[in-house]
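Trainee: File protein14.cif below, mmCIF, C-alpha atoms (C1' of nucleotides):
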data_work
#
loop_
_atom_site.label_atom_id
_atom_site.label_comp_id
_atom_site.auth_asym_id
_atom_site.auth_seq_id
_atom_site.Cartn_x
_atom_site.Cartn_y
_atom_site.Cartn_z
CA MET A 1 -19.35 8.49 23.94
CA VAL A 2 -16.87 6.84 26.25
CA CYS A 3 -15.57 9.01 29.04
CA ILE A 4 -11.81 9.04 28.63
CA GLU A 5 -11.16 10.26 32.17
CA ASN A 6 -12.78 7.13 33.52
CA LEU A 7 -10.59 4.95 31.37
CA LEU A 8 -7.32 6.73 32.05
CA SER A 9 -7.75 6.72 35.81
CA ALA A 10 -8.11 2.98 35.90
CA ASP A 11 -5.86 1.77 38.64
CA ALA A 12 -8.40 -0.47 39.95
CA PRO A 13 -11.24 -2.23 38.31
CA ALA A 14 -11.72 -1.58 34.64
CA PRO A 15 -14.37 1.07 34.13
CA ARG A 16 -17.65 -0.34 32.97
CA ASP A 17 -20.32 1.91 31.67
CA ALA A 18 -23.19 1.69 29.27
CA SER A 19 -21.27 3.27 26.40
CA THR A 20 -18.37 0.83 26.70
CA ALA A 21 -20.78 -2.09 26.69
CA ARG A 22 -22.42 -0.57 23.62
CA LEU A 23 -19.05 -0.44 21.84
CA HIS A 24 -18.45 -4.08 22.70
CA GLU A 25 -21.76 -5.10 21.23
CA LEU A 26 -21.32 -3.09 18.05
CA VAL A 27 -17.76 -4.20 17.35
CA LEU A 28 -18.32 -7.85 18.24
CA ASP A 29 -21.40 -8.02 16.01
CA TRP A 30 -19.58 -6.32 13.16
CA PHE A 31 -16.60 -8.63 13.53
CA ALA A 32 -18.76 -11.74 13.60
CA ALA A 33 -20.37 -10.63 10.35
CA THR A 34 -17.36 -9.38 8.41
CA ALA A 35 -14.16 -10.96 9.73
CA ARG A 36 -11.76 -12.15 7.04
CA ASP A 37 -11.25 -15.89 6.87
CA LEU A 38 -7.51 -15.95 7.59
CA PRO A 39 -5.86 -19.35 8.11
CA TRP A 40 -4.30 -18.41 11.44
CA ARG A 41 -7.77 -17.52 12.74
CA ARG A 42 -9.22 -20.98 12.15
CA ASP A 43 -9.93 -23.26 15.07
CA ASP A 44 -7.47 -25.88 13.90
CA CYS A 45 -4.52 -23.49 13.78
CA SER A 46 -1.82 -24.38 16.30
CA ALA A 47 -0.26 -21.94 18.75
CA TRP A 48 2.92 -22.26 16.71
CA GLY A 49 1.03 -21.25 13.57
CA ILE A 50 -0.38 -18.24 15.36
CA LEU A 51 3.04 -17.26 16.68
CA VAL A 52 4.58 -17.51 13.20
CA SER A 53 1.77 -15.44 11.73
CA GLU A 54 2.18 -12.73 14.35
CA VAL A 55 5.90 -12.40 13.70
CA MET A 56 5.40 -12.35 9.94
CA LEU A 57 2.70 -9.73 10.31
CA GLN A 58 5.02 -7.34 12.13
CA GLN A 59 5.17 -4.42 9.70
CA THR A 60 4.10 -6.61 6.78
CA PRO A 61 0.61 -6.66 5.19
CA VAL A 62 -1.64 -9.73 5.38
CA VAL A 63 -1.73 -10.29 1.62
CA ARG A 64 2.01 -10.72 1.45
CA VAL A 65 2.24 -12.87 4.58
CA GLN A 66 -0.37 -15.47 3.78
CA PRO A 67 1.39 -17.46 1.01
CA VAL A 68 4.69 -17.51 2.90
CA TRP A 69 2.91 -18.59 6.09
CA GLU A 70 1.28 -21.49 4.21
CA GLU A 71 4.70 -22.65 3.00
CA TRP A 72 6.18 -22.42 6.48
CA MET A 73 3.36 -24.41 8.06
CA GLN A 74 3.69 -27.08 5.43
CA ARG A 75 7.45 -27.33 5.87
CA TRP A 76 7.76 -26.63 9.61
CA PRO A 77 4.50 -27.61 11.35
CA THR A 78 6.15 -27.51 14.77
CA PRO A 79 8.85 -25.44 16.49
CA ALA A 80 11.05 -28.55 16.63
CA ALA A 81 10.84 -28.97 12.87
CA LEU A 82 12.15 -25.47 12.28
CA ALA A 83 14.77 -25.74 15.01
CA ALA A 84 16.15 -28.86 13.36
CA GLU A 85 17.22 -26.90 10.27
CA PRO A 86 19.93 -24.27 9.83
CA SER A 87 18.78 -20.72 10.54
CA GLY A 88 19.76 -19.84 6.98
CA GLU A 89 16.90 -21.98 5.74
CA ALA A 90 14.49 -19.81 7.72
CA VAL A 91 16.03 -16.70 6.17
CA ARG A 92 15.76 -18.22 2.70
CA ALA A 93 12.15 -19.30 3.20
CA TRP A 94 11.37 -15.83 4.54
CA GLY A 95 11.64 -14.66 0.96
CA ARG A 96 10.93 -11.01 0.43
CA LEU A 97 8.76 -10.36 3.49
CA GLY A 98 11.30 -7.82 4.68
CA TYR A 99 13.16 -7.37 7.97
CA PRO A 100 14.89 -10.77 7.56
CA ARG A 101 16.23 -10.63 11.10
CA ARG A 102 12.69 -11.64 12.06
CA ALA A 103 13.33 -15.00 10.38
CA LEU A 104 16.52 -15.39 12.38
CA ARG A 105 14.73 -14.59 15.63
CA LEU A 106 11.84 -16.91 14.80
CA HIS A 107 14.35 -19.69 14.28
CA ALA A 108 15.98 -18.83 17.61
CA ALA A 109 12.54 -18.77 19.26
CA ALA A 110 11.78 -22.21 17.81
CA SER A 111 15.03 -23.50 19.34
CA ALA A 112 14.21 -21.97 22.71
CA ILE A 113 10.71 -23.45 22.64
CA THR A 114 12.09 -26.86 21.69
CA THR A 115 14.80 -26.98 24.33
CA GLY A 116 13.19 -24.92 27.09
CA HIS A 117 9.46 -25.56 26.79
CA GLY A 118 9.24 -29.15 25.63
CA GLY A 119 8.39 -28.06 22.10
CA ARG A 120 5.19 -26.33 23.14
CA VAL A 121 4.65 -22.61 22.62
CA PRO A 122 4.36 -21.10 26.10
CA SER A 123 1.04 -19.54 27.08
CA SER A 124 2.02 -16.85 29.56
CA VAL A 125 2.98 -13.34 28.51
CA ASP A 126 6.15 -13.43 30.60
CA GLU A 127 7.40 -16.65 29.02
CA LEU A 128 6.53 -15.37 25.55
CA LEU A 129 8.32 -12.08 26.18
CA ALA A 130 11.49 -14.01 26.99
CA LEU A 131 11.58 -15.44 23.45
CA PRO A 132 13.66 -13.63 20.82
CA GLY A 133 11.63 -11.39 18.50
CA ILE A 134 8.59 -11.46 20.78
CA GLY A 135 7.74 -8.05 22.25
CA THR A 136 4.76 -6.63 24.10
CA TYR A 137 2.40 -6.80 21.15
CA THR A 138 3.24 -10.30 19.96
CA ALA A 139 3.31 -11.77 23.47
CA ALA A 140 -0.17 -10.44 24.19
CA ALA A 141 -1.45 -11.49 20.77
CA VAL A 142 -0.24 -15.10 21.14
CA ALA A 143 -1.55 -15.36 24.70
CA ALA A 144 -4.93 -14.06 23.56
CA PHE A 145 -5.37 -15.65 20.13
CA ALA A 146 -3.65 -18.98 20.77
CA TYR A 147 -4.65 -19.55 24.40
CA GLY A 148 -7.78 -17.45 24.87
CA ARG A 149 -6.25 -15.33 27.59
CA ARG A 150 -7.64 -11.95 28.55
CA GLU A 151 -4.82 -9.62 27.51
CA ALA A 152 -4.81 -6.08 26.17
CA VAL A 153 -3.45 -6.40 22.64
CA VAL A 154 -2.14 -3.07 21.39
CA ASP A 155 -1.02 -2.86 17.80
CA THR A 156 -1.00 0.03 15.34
CA ASN A 157 -4.61 -0.68 14.30
CA ILE A 158 -5.96 -0.74 17.83
CA ARG A 159 -3.97 2.37 18.73
CA ARG A 160 -5.48 4.22 15.79
CA VAL A 161 -9.04 3.09 16.54
CA HIS A 162 -8.69 4.11 20.18
CA ALA A 163 -7.14 7.45 19.20
CA ARG A 164 -10.13 8.29 17.03
CA LEU A 165 -13.02 6.56 18.75
CA VAL A 166 -12.12 7.48 22.32
CA SER A 167 -9.54 10.26 22.30
CA GLY A 168 -10.86 12.22 19.31
CA ARG A 169 -7.47 12.41 17.59
CA ALA A 170 -6.69 11.69 13.96
CA LEU A 171 -3.72 9.48 14.75
CA PRO A 172 -2.01 8.00 17.79
CA ALA A 173 1.25 9.57 18.97
CA PRO A 174 4.46 8.36 17.30
CA ALA A 175 5.43 6.31 20.36
CA LEU A 176 3.24 3.98 22.41
CA SER A 177 2.46 5.48 25.81
CA ALA A 178 1.54 3.99 29.15
CA ALA A 179 -1.77 5.84 28.94
CA GLU A 180 -2.63 3.97 25.76
CA LEU A 181 -1.90 0.64 27.43
CA ARG A 182 -4.17 1.61 30.34
CA LEU A 183 -6.83 2.71 27.92
CA ALA A 184 -6.68 -0.61 26.05
CA ALA A 185 -6.83 -2.53 29.32
CA GLY A 186 -9.81 -0.47 30.41
CA MET A 187 -11.68 -1.12 27.19
CA LEU A 188 -11.33 -4.92 27.46
CA PRO A 189 -14.55 -6.90 27.99
CA GLU A 190 -14.63 -8.83 31.26
CA ALA A 191 -15.22 -12.29 29.81
CA ALA A 192 -12.04 -13.79 28.38
CA ALA A 193 -13.75 -15.11 25.26
CA ASP A 194 -15.23 -11.69 24.55
CA SER A 195 -11.91 -9.99 25.19
CA VAL A 196 -10.23 -12.17 22.56
CA ARG A 197 -12.86 -11.33 19.97
CA TRP A 198 -12.73 -7.68 20.98
CA ASN A 199 -8.98 -7.55 20.40
CA ALA A 200 -9.34 -9.22 17.02
CA GLY A 201 -12.38 -7.13 16.13
CA VAL A 202 -10.85 -3.76 16.92
CA MET A 203 -7.72 -4.80 15.03
CA GLU A 204 -9.84 -5.80 12.06
CA LEU A 205 -11.77 -2.53 12.26
CA GLY A 206 -8.50 -0.62 12.08
CA ALA A 207 -7.24 -2.74 9.20
CA LEU A 208 -10.37 -2.60 7.05
CA ILE A 209 -12.38 0.50 8.03
CA CYS A 210 -10.55 2.86 10.36
CA THR A 211 -7.49 2.97 8.12
CA ALA A 212 -4.64 5.41 8.44
CA ARG A 213 -5.19 7.43 5.29
CA SER A 214 -8.78 7.40 4.09
CA PRO A 215 -11.00 5.82 6.75
CA LYS A 216 -14.30 4.40 5.52
CA CYS A 217 -16.41 6.05 8.20
CA GLY A 218 -19.56 5.40 6.18
CA GLN A 219 -19.10 1.68 6.82
CA CYS A 220 -17.98 1.97 10.42
CA PRO A 221 -20.14 0.21 13.03
CA VAL A 222 -19.15 2.73 15.72
CA ALA A 223 -19.19 5.94 13.68
CA ALA A 224 -22.02 7.29 15.84
CA GLU A 225 -19.84 6.85 18.94
CA CYS A 226 -16.64 8.23 17.42
CA ALA A 227 -15.06 11.16 19.25
CA TRP A 228 -12.95 12.11 16.24
CA LEU A 229 -15.99 12.34 13.94
CA ALA A 230 -17.90 14.23 16.62
CA ALA A 231 -15.04 16.71 16.84
CA GLY A 232 -15.18 17.36 13.10
CA GLU A 233 -12.27 15.15 12.02
CA PRO A 234 -9.43 17.34 13.30
CA ALA A 235 -6.12 16.95 11.46
CA PRO A 236 -3.14 15.11 12.98
CA ASP A 237 -1.19 17.27 15.44
CA TYR A 238 2.23 16.11 14.24
CA ASN A 239 3.88 15.31 10.93
CA PRO A 240 4.99 11.72 10.55
CA LYS A 241 8.57 11.50 9.38
CA GLY A 242 9.03 8.97 6.67
CA GLN A 243 11.86 6.48 6.65
CA ALA A 244 14.59 7.21 4.14
CA TRP A 245 15.29 4.37 1.77
CA HIS A 246 17.05 5.34 -1.44
CA GLY A 247 20.77 5.64 -0.92
CA THR A 248 20.68 4.22 2.59
CA ASP A 249 22.59 1.30 4.09
CA ARG A 250 19.29 -0.53 4.40
CA GLN A 251 18.82 -0.50 0.66
CA VAL A 252 22.30 -1.98 0.22
CA ARG A 253 21.69 -4.61 2.91
CA GLY A 254 18.46 -5.58 1.17
CA ALA A 255 20.25 -5.98 -2.15
CA VAL A 256 22.98 -8.13 -0.58
CA MET A 257 20.39 -10.30 1.16
CA ALA A 258 18.60 -10.84 -2.14
CA VAL A 259 21.82 -12.23 -3.58
CA LEU A 260 22.46 -14.54 -0.63
CA ARG A 261 18.89 -15.82 -0.45
CA ASP A 262 18.97 -17.07 -4.00
CA ALA A 263 22.52 -18.41 -3.87
CA GLU A 264 22.92 -22.15 -3.46
CA HIS A 265 26.66 -21.77 -2.88
CA PRO A 266 28.81 -19.23 -1.03
CA VAL A 267 29.11 -15.96 -2.94
CA ARG A 268 32.65 -14.74 -3.50
CA ARG A 269 33.15 -11.56 -1.51
CA GLU A 270 34.70 -9.69 -4.44
CA LEU A 271 31.48 -10.04 -6.37
CA PHE A 272 29.84 -7.59 -3.96
CA PHE A 273 32.47 -4.98 -4.75
CA GLU A 274 33.39 -5.56 -8.37
CA ALA A 275 31.06 -5.57 -11.28
CA PRO A 276 30.76 -9.28 -12.03
CA VAL A 277 32.57 -10.53 -15.10
CA ASP A 278 32.53 -14.24 -14.43
CA LEU A 279 29.89 -14.79 -11.79
CA GLY A 280 30.74 -18.41 -11.21
CA PHE A 281 27.05 -19.24 -11.21
CA GLU A 282 24.66 -20.54 -13.73
CA PRO A 283 22.76 -17.67 -15.25
CA GLY A 284 19.81 -16.94 -13.04
CA SER A 285 18.49 -14.84 -10.25
CA VAL A 286 21.77 -14.56 -8.35
CA SER A 287 23.43 -12.72 -11.18
CA ALA A 288 20.31 -10.62 -11.60
CA HIS A 289 20.46 -9.63 -7.93
CA LEU A 290 24.16 -8.87 -8.22
CA ALA A 291 23.47 -6.67 -11.22
CA ALA A 292 20.80 -4.89 -9.21
CA LEU A 293 23.23 -4.42 -6.34
CA HIS A 294 25.84 -2.85 -8.58
CA ALA A 295 23.22 -0.67 -10.21
CA LEU A 296 22.78 1.03 -6.84
CA ASN A 297 26.25 2.55 -7.25
CA ALA A 298 26.72 2.43 -3.50
CA GLU A 299 29.89 3.84 -1.96
CA HIS A 300 32.54 1.27 -1.17
CA SER A 301 32.35 2.20 2.51
CA GLN A 302 28.59 1.73 2.46
CA LEU A 303 28.95 -1.73 1.00
CA GLU A 304 31.52 -2.56 3.68
CA ARG A 305 29.13 -1.38 6.38
CA ALA A 306 26.31 -3.46 4.95
CA LEU A 307 28.39 -6.64 4.82
CA ALA A 308 29.80 -6.07 8.30
CA GLY A 309 26.32 -5.38 9.64
CA LEU A 310 24.86 -8.52 8.12
CA LEU A 311 27.71 -10.60 9.53
CA GLU A 312 27.32 -9.02 12.94
CA ASP A 313 23.56 -9.57 12.92
CA GLY A 314 24.07 -13.21 12.04
CA LEU A 315 22.15 -12.88 8.78
CA ALA A 316 25.23 -13.84 6.81
CA GLU A 317 28.22 -16.03 7.51
CA ALA A 318 31.79 -15.63 6.29
CA VAL A 319 33.36 -18.78 4.88
CA PRO A 320 36.60 -19.29 2.94
CA GLU A 321 34.72 -19.23 -0.36
CA GLY A 322 32.91 -16.01 0.46
CA LEU A 323 29.59 -15.22 2.10
CA ARG A 324 26.56 -17.42 2.63
CA LEU A 325 23.45 -17.73 4.78
CA PRO A 326 24.13 -18.95 8.35
CA ARG A 327 24.02 -22.50 9.60
"C1'" DT B 1 14.30 6.88 23.51
"C1'" DA B 2 14.99 7.82 19.07
"C1'" DG B 3 16.91 5.51 15.31
"C1'" DC B 4 17.50 1.47 12.88
"C1'" DC B 5 15.91 -2.62 10.55
"C1'" DG B 6 13.15 -4.59 4.25
"C1'" DT B 7 9.79 -4.73 0.99
"C1'" DG B 8 6.11 -3.65 -2.07
"C1'" DG B 9 1.52 -1.75 -2.91
"C1'" DA B 10 -1.65 2.16 -2.80
"C1'" DA B 11 -2.57 7.03 -3.05
"C1'" DT C 1 7.18 10.17 -9.32
"C1'" DT C 2 7.30 10.42 -4.51
"C1'" DT C 3 5.39 9.50 -0.18
"C1'" DC C 4 3.15 6.83 3.13
"C1'" DC C 5 2.27 2.83 5.51
"C1'" DA C 6 1.89 -2.14 7.01
"C1'" DA C 7 -0.81 -7.36 13.36
"C1'" DG C 8 6.90 -4.27 15.90
"C1'" DG C 9 11.27 -5.36 18.25
"C1'" DC C 10 15.65 -4.13 19.85
"C1'" DT C 11 19.27 -1.20 21.53
#
Turn this file's structure into structure tokens for me.
Mentor:
Amino acid sequence: MVCIENLLSADAPAPRDASTARLHELVLDWFAATARDLPWRRDDCSAWGILVSEVMLQQTPVVRVQPVWEEWMQRWPTPAALAAEPSGEAVRAWGRLGYPRRALRLHAAASAITTGHGGRVPSSVDELLALPGIGTYTAAAVAAFAYGRREAVVDTNIRRVHARLVSGRALPAPALSAAELRLAAGMLPEAAADSVRWNAGVMELGALICTARSPKCGQCPVAAECAWLAAGEPAPDYNPKGQAWHGTDRQVRGAVMAVLRDAEHPVRRELFFEAPVDLGFEPGSVSAHLAALHALNAEHSQLERALAGLLEDGLAEAVPEGLRLPR
DNA sequence: TAGCCGTGGAA
DNA sequence: TTTCCAAGGCT
């Protein structure tokens, strides 16, 4: 088992011991044998494709991302191609991936890359961090997966694997800690190429085997080294608090966005507040989304907040005819 | 830093 | 049916 004290006290050189090397071997072998064939993992995938995939994958499962990613790559194969279109087109093409502000930020990142980096996705973590919508995880992931850099990638999967395998806990703490970042850095193989595969492999292990709810320990390549299993699978030491959804502003925002995404013309503002009599549209999904919005029976003030919030966030634009997606 | 920001599938 | 969770980021 890996000695956690060694890893946590790593100011200086990353701790290297036989058990860490053993973990590297086991995970890298397992990953080589079982990795999913995802399009953004292929050798011919551009840095831009990897960046887009990483943003889409923020809080959204692979199975829902893949088809949208394929459409984006077909339509916008380069940052410049996306930057040349209105941001509203990015929001529309985002579809129902959720958190549509990510689409807005990706469009803004494409513009920044086009004007500030000659159209090429930057390769350093600092430059990536300066782009909108790119935080510590995504910057490290792009540097590692697109440019082969040796970076500690720390996502929810890797945090969970480390919590169990090394720290003996059922789940990582609610918030990412500096100790976890040091731990991840200390676990990284020395060779850059190995470190990239290690990051991807541990992430894959968390996604497929060491899952949040019912981990498949019987299929785990490092079960024999797992501190959590050795400790008798202790329960989590905190209760995760779920996000409210029904009756919240977020639900109303989502319903409004569904209307705007499918609208080819500005949507009259009154239609968001009054049950539609004459929609002014051909029968279709816009009216269906409006009906769904009104079925929420949201308070008038809540609807006002949602519209104001979407305008403020830049996800919607007020025009004389009503509301539409931004230019 | 805790709270907010969408959506849909699995348990 | 309800709850939980998914390759986070931003303020």
Trainee: With a distance threshold of 8 Å and counting all atoms listed in the file, extract the residues of chain A near chain C and express them as a ChimeraX atom specification.
Mentor: /A:54,57-61,133-135,137,155-157,203,212,242
Trainee: Next, write the just-selected residues to a file, as a compact mmCIF listing (two decimals), in the frame of the given file, keeping C-alpha atoms as the atom set.
Mentor:
# COMPACT_ATOMS: atom_id res chain seq x y z
CA GLU A 54 2.18 -12.73 14.35
CA LEU A 57 2.70 -9.73 10.31
CA GLN A 58 5.02 -7.34 12.13
CA GLN A 59 5.17 -4.42 9.70
CA THR A 60 4.10 -6.61 6.78
CA PRO A 61 0.61 -6.66 5.19
CA GLY A 133 11.63 -11.39 18.50
CA ILE A 134 8.59 -11.46 20.78
CA GLY A 135 7.74 -8.05 22.25
CA TYR A 137 2.40 -6.80 21.15
CA ASP A 155 -1.02 -2.86 17.80
CA THR A 156 -1.00 0.03 15.34
CA ASN A 157 -4.61 -0.68 14.30
CA MET A 203 -7.72 -4.80 15.03
CA ALA A 212 -4.64 5.41 8.44
CA GLY A 242 9.03 8.97 6.67
Trainee: Selection in question (the file shown): the PyMOL selection byres ((chain B) within 9 of (chain A)). Which residues does it include, as a list in words?
Mentor: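 Applying the expression gives DC4, DC5, DG6, DT7, DG8 and DA11 of chain B.
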Trainee: Just the number, please: distance in Å from CA of Cys220 (chain A) to CA of Ser177 (chain A), one decimal.
Mentor: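 CA of Ser177 (chain A) lies at a distance of 25.8 Å from CA of Cys220 (chain A).
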Trainee: Just give me the gap between CA of Ala230 (chain A) and CA of Arg160 (chain A) in Å, one decimal is fine.
Mentor: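 These two atoms are separated by 16.0 Å.
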Trainee: Could you pull the residues within 9 Å of Ala231 (chain A), counting all atoms listed in the file, minus those fewer than 4 positions along the same chain, as a ChimeraX atom specification?
Mentor: /A:168-169,226-227
Trainee: In Å, how far is it from CA of Ala139 (chain A) to CA of Ser124 (chain A)?
Mentor: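 So the two atoms, CA of Ala139 (chain A) and CA of Ser124 (chain A), lie 8.0 Å apart.
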Trainee: In the coordinate frame of the file, compute which residues have an atom within 7 Å of (14.4, -14.0, 11.4) when using all atoms listed in the file, and state them as a count of residues only.
Mentor: 10
Trainee: Residues within 10 Å of region 33-38 of chain A, please, as a ChimeraX atom specification. Count only C-alpha atoms (C1' of nucleotides); anything in the same chain fewer than 5 positions from it doesn't count.
Mentor: /A:27-28,62,66,200-201,204-205,208
Trainee: Evaluate the PyMOL selection byres ((chain A and resi 166) around 12) here and jot the selected residues down as an MDAnalysis selection string.
Mentor: chainID A and resid 1:8 19:20 23 158:165 167:172 180 183:184 186:187 222:231
Trainee: Could you give me the axis-aligned bounding box of region 5-8 of chain B, with 3 Å of padding per side, as centre plus edge lengths in Å to one decimal, as lines of an AutoDock Vina configuration file?
Mentor:
center_x = 11.0
center_y = -3.7
center_z = 4.2
size_x = 15.8
size_y = 8.1
size_z = 18.6
Trainee: Exactly which residues make up the result of the PyMOL selection byres ((chain A and resi 238) around 10) on this file, given as a PDB file with C-alpha atoms, in the coordinates of the input?
Mentor:
ATOM      1  CA  ALA A 170      -6.690  11.690  13.960  1.00  0.00           C
ATOM      2  CA  LEU A 171      -3.720   9.480  14.750  1.00  0.00           C
ATOM      3  CA  PRO A 172      -2.010   8.000  17.790  1.00  0.00           C
ATOM      4  CA  ALA A 173       1.250   9.570  18.970  1.00  0.00           C
ATOM      5  CA  PRO A 174       4.460   8.360  17.300  1.00  0.00           C
ATOM      6  CA  ALA A 235      -6.120  16.950  11.460  1.00  0.00           C
ATOM      7  CA  PRO A 236      -3.140  15.110  12.980  1.00  0.00           C
ATOM      8  CA  ASP A 237      -1.190  17.270  15.440  1.00  0.00           C
ATOM      9  CA  ASN A 239       3.880  15.310  10.930  1.00  0.00           C
ATOM     10  CA  PRO A 240       4.990  11.720  10.550  1.00  0.00           C
ATOM     11  CA  LYS A 241       8.570  11.500   9.380  1.00  0.00           C
TER      12      LYS A 241
END
Trainee: Here is a test: counting only C-alpha atoms, which residue of A:Ala140, A:Lys216, A:Thr114, A:Ala258 is nearest to Trp94 (chain A)?
Mentor: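 Nearest to Trp94 (chain A): A:Ala258.
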